[in-house]
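**Q** Pasting in a structure now, in structure tokens, and then I'll have a few things to ask.
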Amino acid sequence: MFATAIIVFREVLEAAIIIGILAAATRSIHGSKRWLAAGLLAGLIGAGVVAAFTDAIGNFASGIGQELFNAIVLCLAVLMLAWHNIWMASHGAALASSAKSLGKNISNGTRECSALMVVVGLAVLREGSETVLFLYGIAASESDGQSSMLLGGLTGLLAGIAVGYTIFAGLLRIPMRWFFSTTGVLVLLLAAGMASQAAHNLIQADLLPSLAAPLWDTSALLPESGLPGMLLHSLVGYDSRPAGMQLVFYLTALIAIVTGMRWAGAQRQSVKASRQPG
Amino acid sequence: MKRLLLVTLMLPVAAFATGFLLISLLFPIAALAADADFTLTIKDHQFQPTEINVPAGKKIKLRIENQDATPEEFESNELKREKVIAGHGKATLYIGPLVAGHYPFFGEYHKNTAQGVIIAQ
């Protein structure tokens, strides 16, 4: 039962952390919770579909379909998160002031929310399909102890959700002055971590060279099988034995998004300045 | 004005996407260098063989065939590999080049029985 709980917890954790951070980051956008819930539901349905077609996906492209699929899903999520952060860079100030005056919401957030709905959907789809397969395996096997394993699965699920909610509730306690810069940094690191994971998948499929693997080995100090390593992996993309190529992807994503945010911030400043009567 | 702003915002994103695509398209040439082929079978939630000897310093292509009806996840912390293989399914993954040493692997869905090790020499 314990082993089952850990497996399910690991899968749920990453999606729960992403949802927790995004739910906090969009706190003052009207109707954002409904969009995120829609993403969650779509992701759950998608996870079932992906699990049912695991064999077909796996056989695609002579056996590396699963890696290709993961890499594409991860890259899409990176693009959406990048767009979110760049959008925030030009709307953040307005959002912060509207969040201060309770009840007044920014209405123009529909497109923004639909991008985050996609991120949530993709995260749940990717992590959820493996959980579905795993639980299906338990249910299909004829061994004893099925109920205790399913109970373990439920425990893992609830524990994962609890971590996600803790992050959400913790972020909401941050004073408004620092709030959007904090969630901005978190989303930035989430995106960079996903870019690194995309590279890892492409290396496993032999579509990318690894470039010095591993670059370092901190698995004795901070293993990803332990809770701190697991949390850091989901939050900032920590890897105990990264390939050089993963770092290239990580830094590329980081620099590209920060550049985009600076750009958008500068645009906002110049728009503001041109509106000032001379 | 607003549209202009939006287009400007999308530019770095588009550039980033193009970069990703280019990198992924340029490198398959390097992929042809894989040289050693090994096959692993899963039956009754056990790996066969349980020990694979591979050359160190070479890229290895590992084919995994799952003869069980239930799915299994090939996993190794040391190799940093994770891959789900559907029931009665097949999969391919690449590992290495490895430094000489022992690299244990296991089936995450049946950890008690599905254990094995890759030895790079």
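We name chains A, B, ... following the order of the structure tokens; residues begin at 1 in each chain, and ligands are numbered from 1 as shown.
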Need the shell around Lys43 of chain B: protein/DNA/RNA residues with any atom at most 12 Å away, counting only C-alpha atoms. Skip same-chain ones fewer than 5 positions apart. Format as a PyMOL selection string?

**A** chain B and resi 48-50+64-72+87-89+107+110+113-115

**Q** Just the residues within 10 Å of Thr54 of chain A, please, counting only C-alpha atoms, with nothing from its chain fewer than 5 positions along; format it as an MDAnalysis selection string.

**A** (chainID A and resid 48:49 59:60 65:66 129:130 133) or (chainID B and resid 71 84:87 89)

**Q** Looking at B:Thr92, B:Phe74, B:Asn112, B:Ile119, which one is nearest to chain A, with distances taken over only C-alpha atoms?

**A**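 Ranking B:Thr92, B:Phe74, B:Asn112, B:Ile119 by distance to chain A, first place goes to B:Thr92.
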
**Q** Show me a table, sorted first by chain and then by increasing residue number, of the residues of chain A having an atom at most 8 Å from chain B, each with its shortest atom pair and the distance in Å to one decimal, counting only C-alpha atoms and written as CSV.

**A**
```
residue,atom,partner,partner_atom,distance
A:Thr54,CA,B:Ala86,CA,6.0
A:Asp55,CA,B:Ala86,CA,5.2
A:Gly58,CA,B:Ala91,CA,6.2
A:Asn59,CA,B:Ala91,CA,6.6
A:Ser62,CA,B:Thr92,CA,7.4
A:Gly63,CA,B:Ala91,CA,4.7
A:Ile64,CA,B:Thr92,CA,6.0
A:Gln66,CA,B:Lys83,CA,7.9
A:Leu79,CA,B:Val13,CA,6.6
A:Ala82,CA,B:Val13,CA,7.0
A:Trp83,CA,B:Val13,CA,7.0
A:Ile86,CA,B:Leu9,CA,6.8
A:Trp87,CA,B:Leu9,CA,7.6
A:Glu130,CA,B:Val84,CA,7.6
A:Leu133,CA,B:Pro71,CA,6.6
A:Phe134,CA,B:Tyr109,CA,6.4
A:Tyr136,CA,B:Thr70,CA,7.9
A:Gly137,CA,B:Thr70,CA,5.2
A:Ala140,CA,B:Thr70,CA,7.2
A:Ser141,CA,B:Thr70,CA,7.6
A:Leu202,CA,B:Ser24,CA,7.9
A:Ile203,CA,B:Tyr94,CA,7.7
A:Gln204,CA,B:Tyr94,CA,5.2
A:Ala205,CA,B:Leu93,CA,5.8
A:Asp206,CA,B:Ala31,CA,5.5
A:Leu207,CA,B:Pro28,CA,5.0
A:Leu208,CA,B:Phe27,CA,5.5
A:Pro209,CA,B:Ala30,CA,6.8
A:Arg241,CA,B:Lys80,CA,7.4
A:Ala253,CA,B:Phe16,CA,7.6
A:Ala256,CA,B:Phe16,CA,6.6
A:Ile257,CA,B:Pro12,CA,7.7
A:Thr259,CA,B:Pro12,CA,7.7
A:Gly260,CA,B:Pro12,CA,5.7
A:Trp263,CA,B:Leu9,CA,7.7
A:Ala264,CA,B:Leu9,CA,6.3
A:Gln267,CA,B:Leu5,CA,7.3
```

**Q** Where does DSSP see helix (DSSP H, G or I) in segment 28-251 of chain A, if you list the residues as an MDAnalysis selection string?

**A** chainID A and resid 32:52 54:63 65:100 110:140 146:172 176:204 227:236 244:251

**Q** Between A:Gly20, A:Gly265, A:Gly128, A:Gly145, which residue has the minimum interatomic distance to Leu157 of chain A, considering only C-alpha atoms?

**A**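 The shortest atom-to-atom distance to Leu157 of chain A comes from A:Gly128.
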
**Q** Take atom CA of Leu171 of chain A and atom CA of Val120 of chain A and report the distance between them in Å, one decimal.

**A**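 Atom-to-atom, atom CA of Leu171 of chain A to atom CA of Val120 of chain A, that is 18.0 Å.
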
**Q** For atom CA of Gly153 of chain A and atom CA of Leu13 of chain A, determine how far apart the two atoms are, in Å to one decimal place.

**A** 12.8 Å

**Q** Enter the distance from atom CA of Ala51 of chain A to atom CA of Leu135 of chain A, in Å, rounded to one decimal.

**A**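 Separation between atom CA of Ala51 of chain A and atom CA of Leu135 of chain A: 10.8 Å.
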